[in-house]
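Read through the structure below, which is laid out as structure tokens, and then see the notes.
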Amino acid sequence: MLDTPAGPAQTAPPRGRGSPGPDRPGEPLPSGRALIGALRRRLWPFLACALVIPALAGLALARITPRYTATGSLIYEPDATSPRELKSILRPGRVTASVMASQARVLGGLRLIEPLSQRLGLLQDPEFNPALRRPGAVARTAAWLSAWFRSPAPARPVGPLPEPDQALLAVQHAVAVRAAGTSRVLLVSFTAEDPTLAAAAVNMLMDIYIRSQLAAKYRAVRKARSWLQDRADALRREVRAADDRMAAYRAREGLVHGVQAGLDTEQISHLMQSLAEARAALAAAQGRFDAARGNGSPAAAAAVAPSVVALRRQRDATAARLQSVLTRLGPRHPVVIALRRQLAQLDDDVAAETARVVGATGAAVASAHQRVAAVLADLAAARAEVERNGRAEIALDAMARDAAASRSLLTSVLKRLQALQQQAAVEQPDAHEVSFALPPAVPSFPPTRPMLAAAAGFGVLFGLFVVYLLELGDSTLPGGEAVRAALRLPCFALIPEVRRRTLGRLRVEDYAAVKPLSAFAEQVRGLRAGLWLGARRPRAVAVTAARPAEGKTTVAVALGRSAALAGERVVLLDCDLRHPSLAALFGAEGRAGLADCLRGEASLEQVLGKDPLTPMAYVGAGSAGPDGFGLFLSEAMVRVMQALRNEYDLVLLDAPPALAMSDTRVIAQIADATLLCVRWRVTPRDVAAAAIELLEESQAAVVGVALTRVDRRAHARSGHADSSMVDPRVNRYVTE
């Protein structure tokens with residue numbers, strides 16, 4: 001805090017004042033110590049957020065009606081003993097995650113919610129039926145305002161959902177069904193304000209689900225049984241009609257089932273045998289015929305016509321005898337002629353006998369031919385009959401196959417119908433309960449402890465955020481570090497604010513003189529040290545501020561009295577002609593002052609006054625006028641200042657605010673040094689920097705800053721480096 005002034009010639013240039021420095025509170029905090037310091041500075045906002053938010057959350061949780069969630073479980077196990085015709089209707093081939101998800105959706109569907117709501121009377125429960133709820137204060141107020149400000153034009157109907165539908169949706173929203181991991185277990189939950197109602201709803205919903213499954217199976221069984229019964233009746237009719245068609249076809253085609261085919265085969269066999277015999281007889285007759293005509297061998301001819309053979313032998317013998325006779329006798333010999341006549345007779349007899357035999361054998365051959373032709377005709381007729389019967393049998397066989405297929409299908413349907421009737425007697429649901437729901441003892445909503453913990457955490461985080469925003473938006477000067485960083489000037493003192501209870505009947509201007517060992521007086525002495533211990537001790541010091549109500553007059557009075565009590569000759573001039581305060585402070589209202597002296601209306605001795613508490617002299621402002629600026633620029637002001645410098649060790653000039661009046665720039669130029677009073681954590685740094693720049697533009701030597709009206713307790717926990725000066729541990733060195 002106590003920084004050595006550089007003197008007028010060593011004052012830092014005004015360029016860059018007010019720019020953010022590394023210690024500016026609005027910048028991000030660089031360390032944990034700085035964070036702790038920020039929390040200490042903003043302790044009350046932080047505590048307000050950290051405590052109020054959980055408190056509000058607790059109040060809100062206390063006003064929330066608790067809701068209880070009951071949970072039961074059931075396992076989904078499809079039975080594998082179902083008949084084949086029911087598997088595609090009732091059961092999936094394999095239980096997968098999608099199947100479990102589908103069953104969960106079925107369990108929470110409106111098809112099961114509706115009977116649950118009707119059995120438990122949930123449609124008449126105000127918890128689920130919004131139409132039966134009593135409107136709250138907010139709703140009543142909104143309805144009253146809506147009715148008050150409603151337009152006279154008729155509103156268009158919105159078409160809300162019917163009340164039962166809204167209640168059903170509310171009940172469905174209270175139901176939660178999910179699969180337990182990758183298992184086949186379904187967890188069923190119901191949330192309600194009544195724990196008993198929640199448990200009853202879960203148990204009843206599981207019971208409705210299981211019963212609905214069993215009812216669906218029974219419906220499917222009845223439907224399948226009806227379909228199989230109708231199919232069996234239709235197949236019976238088909239078999240009966242096929243038998244009738246076969247009987248009519250046999251009667252129409254003259255077929256005797258099992259006899260006609262045998263008869264046709266036997267007849268053809270006999271005809272084939274007769275044909276063979278006829279052909280054999282024809283061959284024998286043809287042979288005899290050939291033999292009879294002489295085309296065969298002599299043996300065959302002898303066998304066929306022995307009389308012809310005998311005649312031919314006689315003829316051959318006669319011919320041989322004739323030849324023998326001719327060798328001895330002449331052709332005209334009577335023996336030769338007789339033999340020739342006998343030979344001719346024998347030729348005629350042979351020809352006649354041969355003709356007779358050939359005619360007889362030819363007739364036999366013709367008869368054999370006729371027999372063969374007759375047998376062939378009979379055989380062709382028999383074969384035609386067999387072929388016709390074969391074609392008829394093909395159609396009959398097709399009819400028989402159709403009838404057999406219908407009989408086989410009828411038998412299968414009857415077997416399945418019998419198996420279905422047996423299955424219906426022992427049918428089981430695909431799911432059953434694993435554990436029933438019990439009334440919960442602890443509400444599931446609101447989760448008081450987690451929400452309070454979350455609210456406390458949010459309160460802490462929000463408090464930190466508020467602290468950050470406050471630090472980020474803090475444009476004031478909370479300590480000497482901020483003064484040096486933002487204004488690039490030393491901070492000579494932290495003038496504490498004296499509380500009313502501490503002051504009692506004293507005035508704050510009198511406190512340093514009455515309580516010389518107080519912290520207030522110690523900081524004033526620190527201000528004296530900062531001004532006096534520099535390289536060049538100023539004789540005339542102007543005390544000003546950037547704007548009114550910064551405590552500059554209090555600082556000037558306290559500084560003058562402290563120096564006077566230390567044995568210095570001090571005079572205090574009230575240079576604030578527009579708003580003078582020293583005359584009222586010292587009880588010298590109406591007395592001539594500085595303005596009167598500068599106008600030449602009073603001498604310097606006439607305007608000097610004595611402080612009743614200390615040896616300090618003072619000069620009031622006097623009668624104000626519009627010529628104040630000119631008075632400070634006059635030669636009279638130079639003479640007055642020269643006289644005071646010669647007479648007193650310290651001349652204090654209580655100047656008006658720098659940004660309020662231009663007189664301050666002249667007064668600061670006249671003084672050897674200018675002290676700027678800045679109100680702690682009130683005056684923006686930009687305002688203070690603007691005042692300093694304005695004074696330095698007038699060639700004024702602004703040597704330092706005094707922070708006024710500092711809250712000791714708040715600054716002690718701020719974490720700043722100079723907070724130790726007002727730390728409670730230094731109270732042993734001061735006496736209030």
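We name chains A, B, ... following the order of the structure tokens; residues begin at 1 in each chain, and ligands are numbered from 1 as shown.
Within stretch 319-438 of chain A, DSSP run on the backbone puts these residues in strand (DSSP E or B): Ala431, His432, Glu433, Val434 and Ser435 of chain A.
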Handout entry: For A:Glu127: contacts at 10 Å, only C-alpha atoms, fewer than 6 positions along chain excluded, given as a list in words
Key = Arg133, Ala167, Ala170, Val171, Ala192, Glu193 and Asp194 of chain A
Please save C-alpha atoms of the selected residues as a PDB file, in the first residue's frame.
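The resulting file, part_33.pdb, is reproduced below:
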```pdb
ATOM      1  CA  ARG A 133     -58.543 -32.553 -11.048  1.00  0.00           C
ATOM      2  CA  ALA A 167     -56.922 -40.913 -19.009  1.00  0.00           C
ATOM      3  CA  ALA A 170     -51.969 -41.072 -18.734  1.00  0.00           C
ATOM      4  CA  VAL A 171     -52.255 -44.663 -17.465  1.00  0.00           C
ATOM      5  CA  ALA A 192     -48.780 -43.836  -8.996  1.00  0.00           C
ATOM      6  CA  GLU A 193     -49.267 -41.653  -5.956  1.00  0.00           C
ATOM      7  CA  ASP A 194     -50.672 -44.630  -4.004  1.00  0.00           C
TER       8      ASP A 194
END
```
Exercise for the section: Fewer than 4 positions away in the same chain doesn't count, so skip those; otherwise give me all residues within 12 Å of A:Phe462, counting only C-alpha atoms, as a PyMOL selection string. Expected result: chain A and resi 45-54+454-458+466-470
Handout entry: Between atom CA of A:Ala556 and atom CA of A:Thr544 - distance in Å to one decimal
Key =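 If I compute the distance from atom CA of A:Thr544 to atom CA of A:Ala556, I get 8.9 Å.
For the residues A:Gly526, A:Pro548, A:Pro115, A:Pro496, ranking by smallest atom-to-atom distance to A:Thr683 using only C-alpha atoms places A:Pro548 first.
Here the question is which of A:Gln642, A:Leu123, A:Leu631, A:Ala583 gets nearest to A:Tyr618 using only C-alpha atoms, and that residue is A:Ala583.
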Handout entry: A:Pro195 surroundings by only C-alpha atoms, 12 Å radius, close-in-sequence under 4 positions cut, as a ChimeraX atom specification
Key = /A:66-71,189-191,199-202,437-445
Got a sec: who's within 9 Å of A:Ser406, counting only C-alpha atoms, leaving out chain neighbours fewer than 6 positions off, as a tab-separated table (two decimals) with C-alpha atoms, in the first residue's frame?
```
chain	number	residue	atom	x	y	z
A	235	LEU	CA	-62.86	-84.14	-47.84
A	236	ARG	CA	-65.57	-86.61	-46.84
A	238	GLU	CA	-64.98	-85.36	-52.03
A	239	VAL	CA	-64.28	-89.07	-51.23
A	242	ALA	CA	-65.21	-89.88	-56.14
```
Compile the contact shell of A:Leu452 as a PDB file with N, CA and C atoms, in the first residue's frame: residues with an atom at most 9 Å away, counting only C-alpha atoms, same-chain residues fewer than 5 positions apart removed.
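Output file out_16.pdb follows:
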```
ATOM      1  N   PRO A  54     -30.397 -24.898  -3.175  1.00  0.00           N
ATOM      2  CA  PRO A  54     -30.862 -26.134  -2.515  1.00  0.00           C
ATOM      3  C   PRO A  54     -32.096 -25.919  -1.649  1.00  0.00           C
ATOM      4  N   ALA A  55     -32.184 -24.742  -0.999  1.00  0.00           N
ATOM      5  CA  ALA A  55     -33.372 -24.483  -0.177  1.00  0.00           C
ATOM      6  C   ALA A  55     -34.625 -24.411  -1.043  1.00  0.00           C
ATOM      7  N   ALA A  57     -34.939 -25.777  -3.931  1.00  0.00           N
ATOM      8  CA  ALA A  57     -35.183 -27.140  -4.419  1.00  0.00           C
ATOM      9  C   ALA A  57     -35.866 -27.985  -3.353  1.00  0.00           C
ATOM     10  N   GLY A  58     -35.423 -27.822  -2.095  1.00  0.00           N
ATOM     11  CA  GLY A  58     -36.078 -28.559  -1.017  1.00  0.00           C
ATOM     12  C   GLY A  58     -37.535 -28.160  -0.848  1.00  0.00           C
ATOM     13  N   LEU A  61     -39.400 -29.680  -3.720  1.00  0.00           N
ATOM     14  CA  LEU A  61     -39.575 -31.120  -3.522  1.00  0.00           C
ATOM     15  C   LEU A  61     -40.613 -31.409  -2.450  1.00  0.00           C
ATOM     16  N   PRO A 447     -36.788 -38.043  -6.488  1.00  0.00           N
ATOM     17  CA  PRO A 447     -35.614 -38.576  -5.786  1.00  0.00           C
ATOM     18  C   PRO A 447     -34.991 -37.479  -4.927  1.00  0.00           C
ATOM     19  N   GLY A 457     -24.992 -29.165  -5.774  1.00  0.00           N
ATOM     20  CA  GLY A 457     -23.906 -29.027  -6.744  1.00  0.00           C
ATOM     21  C   GLY A 457     -24.159 -27.912  -7.737  1.00  0.00           C
TER      22      GLY A 457
END
```
Handout entry: Residue contacts of stretch 312-328 of chain A (12 Å, only C-alpha atoms) excluding same-chain residues fewer than 6 positions away, as a list in words
Key =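 These residues fall inside the cut-off: Gly294, Pro298, Ala301, Ala302, Ala305, Pro306, Pro334, Val335, Val336, Ile337, Ala338, Leu339, Arg340, Arg341, Gln342, Leu343, Ala344, Gln345, Leu346, Asp347, Asp348, Asp349, Val350, Ala351, Ala352, Glu353 and Thr354 of chain A.
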Deliver the residues from the most recent selection as a file, using N, CA and C atoms, as a PDB file, in the first residue's frame.
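Below is the file again05.pdb, written as the result:
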```pdb
ATOM      1  N   GLY A 294     -47.090-132.854-106.685  1.00  0.00           N
ATOM      2  CA  GLY A 294     -45.790-133.385-107.100  1.00  0.00           C
ATOM      3  C   GLY A 294     -44.670-132.444-106.823  1.00  0.00           C
ATOM      4  N   PRO A 298     -40.772-137.723-103.044  1.00  0.00           N
ATOM      5  CA  PRO A 298     -41.577-138.934-103.318  1.00  0.00           C
ATOM      6  C   PRO A 298     -42.193-139.498-102.064  1.00  0.00           C
ATOM      7  N   ALA A 301     -45.111-137.393-101.321  1.00  0.00           N
ATOM      8  CA  ALA A 301     -46.186-137.684-102.270  1.00  0.00           C
ATOM      9  C   ALA A 301     -46.829-139.031-101.981  1.00  0.00           C
ATOM     10  N   ALA A 302     -46.001-140.036-101.659  1.00  0.00           N
ATOM     11  CA  ALA A 302     -46.555-141.364-101.333  1.00  0.00           C
ATOM     12  C   ALA A 302     -47.417-141.291-100.118  1.00  0.00           C
ATOM     13  N   ALA A 305     -50.695-139.269-101.530  1.00  0.00           N
ATOM     14  CA  ALA A 305     -51.550-139.949-102.538  1.00  0.00           C
ATOM     15  C   ALA A 305     -50.945-141.309-102.877  1.00  0.00           C
ATOM     16  N   PRO A 306     -51.173-142.313-102.098  1.00  0.00           N
ATOM     17  CA  PRO A 306     -50.594-143.638-102.397  1.00  0.00           C
ATOM     18  C   PRO A 306     -51.158-144.261-103.690  1.00  0.00           C
ATOM     19  N   PRO A 334     -47.247-155.398-132.442  1.00  0.00           N
ATOM     20  CA  PRO A 334     -48.438-155.372-131.610  1.00  0.00           C
ATOM     21  C   PRO A 334     -48.127-155.311-130.154  1.00  0.00           C
ATOM     22  N   VAL A 335     -47.059-155.883-129.764  1.00  0.00           N
ATOM     23  CA  VAL A 335     -46.734-155.812-128.338  1.00  0.00           C
ATOM     24  C   VAL A 335     -46.412-154.380-127.979  1.00  0.00           C
ATOM     25  N   VAL A 336     -45.640-153.765-128.975  1.00  0.00           N
ATOM     26  CA  VAL A 336     -45.269-152.359-128.691  1.00  0.00           C
ATOM     27  C   VAL A 336     -46.519-151.500-128.674  1.00  0.00           C
ATOM     28  N   ILE A 337     -47.385-151.750-129.638  1.00  0.00           N
ATOM     29  CA  ILE A 337     -48.607-150.931-129.688  1.00  0.00           C
ATOM     30  C   ILE A 337     -49.448-151.172-128.455  1.00  0.00           C
ATOM     31  N   ALA A 338     -49.547-152.472-128.005  1.00  0.00           N
ATOM     32  CA  ALA A 338     -50.353-152.758-126.797  1.00  0.00           C
ATOM     33  C   ALA A 338     -49.752-152.084-125.576  1.00  0.00           C
ATOM     34  N   LEU A 339     -48.392-152.125-125.553  1.00  0.00           N
ATOM     35  CA  LEU A 339     -47.747-151.464-124.378  1.00  0.00           C
ATOM     36  C   LEU A 339     -47.958-149.948-124.403  1.00  0.00           C
ATOM     37  N   ARG A 340     -47.932-149.437-125.684  1.00  0.00           N
ATOM     38  CA  ARG A 340     -48.158-147.981-125.761  1.00  0.00           C
ATOM     39  C   ARG A 340     -49.583-147.635-125.328  1.00  0.00           C
ATOM     40  N   ARG A 341     -50.510-148.420-125.703  1.00  0.00           N
ATOM     41  CA  ARG A 341     -51.899-148.183-125.269  1.00  0.00           C
ATOM     42  C   ARG A 341     -52.046-148.330-123.763  1.00  0.00           C
ATOM     43  N   GLN A 342     -51.392-149.280-123.205  1.00  0.00           N
ATOM     44  CA  GLN A 342     -51.449-149.484-121.742  1.00  0.00           C
ATOM     45  C   GLN A 342     -50.793-148.319-121.044  1.00  0.00           C
ATOM     46  N   LEU A 343     -49.621-147.834-121.649  1.00  0.00           N
ATOM     47  CA  LEU A 343     -48.926-146.686-121.037  1.00  0.00           C
ATOM     48  C   LEU A 343     -49.801-145.431-121.080  1.00  0.00           C
ATOM     49  N   ALA A 344     -50.505-145.224-122.182  1.00  0.00           N
ATOM     50  CA  ALA A 344     -51.386-144.038-122.275  1.00  0.00           C
ATOM     51  C   ALA A 344     -52.520-144.126-121.282  1.00  0.00           C
ATOM     52  N   GLN A 345     -53.032-145.416-121.153  1.00  0.00           N
ATOM     53  CA  GLN A 345     -54.126-145.568-120.162  1.00  0.00           C
ATOM     54  C   GLN A 345     -53.646-145.271-118.765  1.00  0.00           C
ATOM     55  N   LEU A 346     -52.423-145.738-118.505  1.00  0.00           N
ATOM     56  CA  LEU A 346     -51.889-145.473-117.159  1.00  0.00           C
ATOM     57  C   LEU A 346     -51.673-143.976-116.963  1.00  0.00           C
ATOM     58  N   ASP A 347     -51.197-143.229-117.998  1.00  0.00           N
ATOM     59  CA  ASP A 347     -51.032-141.759-117.856  1.00  0.00           C
ATOM     60  C   ASP A 347     -52.382-141.102-117.557  1.00  0.00           C
ATOM     61  N   ASP A 348     -53.390-141.548-118.233  1.00  0.00           N
ATOM     62  CA  ASP A 348     -54.721-140.965-117.958  1.00  0.00           C
ATOM     63  C   ASP A 348     -55.174-141.276-116.545  1.00  0.00           C
ATOM     64  N   ASP A 349     -54.890-142.522-116.125  1.00  0.00           N
ATOM     65  CA  ASP A 349     -55.306-142.871-114.754  1.00  0.00           C
ATOM     66  C   ASP A 349     -54.533-142.042-113.734  1.00  0.00           C
ATOM     67  N   VAL A 350     -53.193-141.863-113.978  1.00  0.00           N
ATOM     68  CA  VAL A 350     -52.381-141.042-113.035  1.00  0.00           C
ATOM     69  C   VAL A 350     -52.912-139.624-112.997  1.00  0.00           C
ATOM     70  N   ALA A 351     -53.183-139.054-114.206  1.00  0.00           N
ATOM     71  CA  ALA A 351     -53.679-137.671-114.233  1.00  0.00           C
ATOM     72  C   ALA A 351     -55.009-137.548-113.534  1.00  0.00           C
ATOM     73  N   ALA A 352     -55.858-138.516-113.753  1.00  0.00           N
ATOM     74  CA  ALA A 352     -57.182-138.457-113.121  1.00  0.00           C
ATOM     75  C   ALA A 352     -57.065-138.573-111.612  1.00  0.00           C
ATOM     76  N   GLU A 353     -56.207-139.561-111.180  1.00  0.00           N
ATOM     77  CA  GLU A 353     -56.060-139.750-109.726  1.00  0.00           C
ATOM     78  C   GLU A 353     -55.394-138.526-109.107  1.00  0.00           C
ATOM     79  N   THR A 354     -54.387-138.001-109.865  1.00  0.00           N
ATOM     80  CA  THR A 354     -53.691-136.798-109.333  1.00  0.00           C
ATOM     81  C   THR A 354     -54.674-135.636-109.213  1.00  0.00           C
TER      82      THR A 354
END
```
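With only C-alpha atoms as the basis for measurement, A:Tyr648 is the residue among A:Tyr648, A:Tyr249, A:Trp227, A:Phe632 that approaches A:Ala617 most closely.
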Handout entry: Best match for closeness to A:Glu497 among A:Asp402, A:Glu550, A:Asp574, A:Asp686, counting only C-alpha atoms
Key =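 Of the candidates, the smallest distance to A:Glu497 is held by A:Glu550.
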Contacts of stretch 173-210 of chain A with stretch 99-105 of chain A up to 8 Å, shortest pair per row, only C-alpha atoms, as CSV:
```
residue,atom,partner,partner_atom,distance
A:Val177,CA,A:Ala104,CA,5.5
A:Arg178,CA,A:Ala104,CA,6.0
A:Ala179,CA,A:Met100,CA,6.5
A:Arg184,CA,A:Met100,CA,7.0
A:Leu186,CA,A:Ala104,CA,7.0
```
Now that the selection is made, can you save its residues with C-alpha atoms as an mmCIF file, in the first residue's frame?
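Full text of out-v6.cif as output:
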```cif
data_model
loop_
_atom_site.group_PDB
_atom_site.id
_atom_site.type_symbol
_atom_site.label_atom_id
_atom_site.label_comp_id
_atom_site.auth_asym_id
_atom_site.auth_seq_id
_atom_site.Cartn_x
_atom_site.Cartn_y
_atom_site.Cartn_z
ATOM 1 C CA VAL A 177 -42.045 -52.464 -19.499
ATOM 2 C CA ARG A 178 -38.516 -53.498 -20.401
ATOM 3 C CA ALA A 179 -36.507 -56.659 -20.869
ATOM 4 C CA ARG A 184 -36.341 -63.642 -21.213
ATOM 5 C CA LEU A 186 -39.822 -58.743 -18.583
#
```
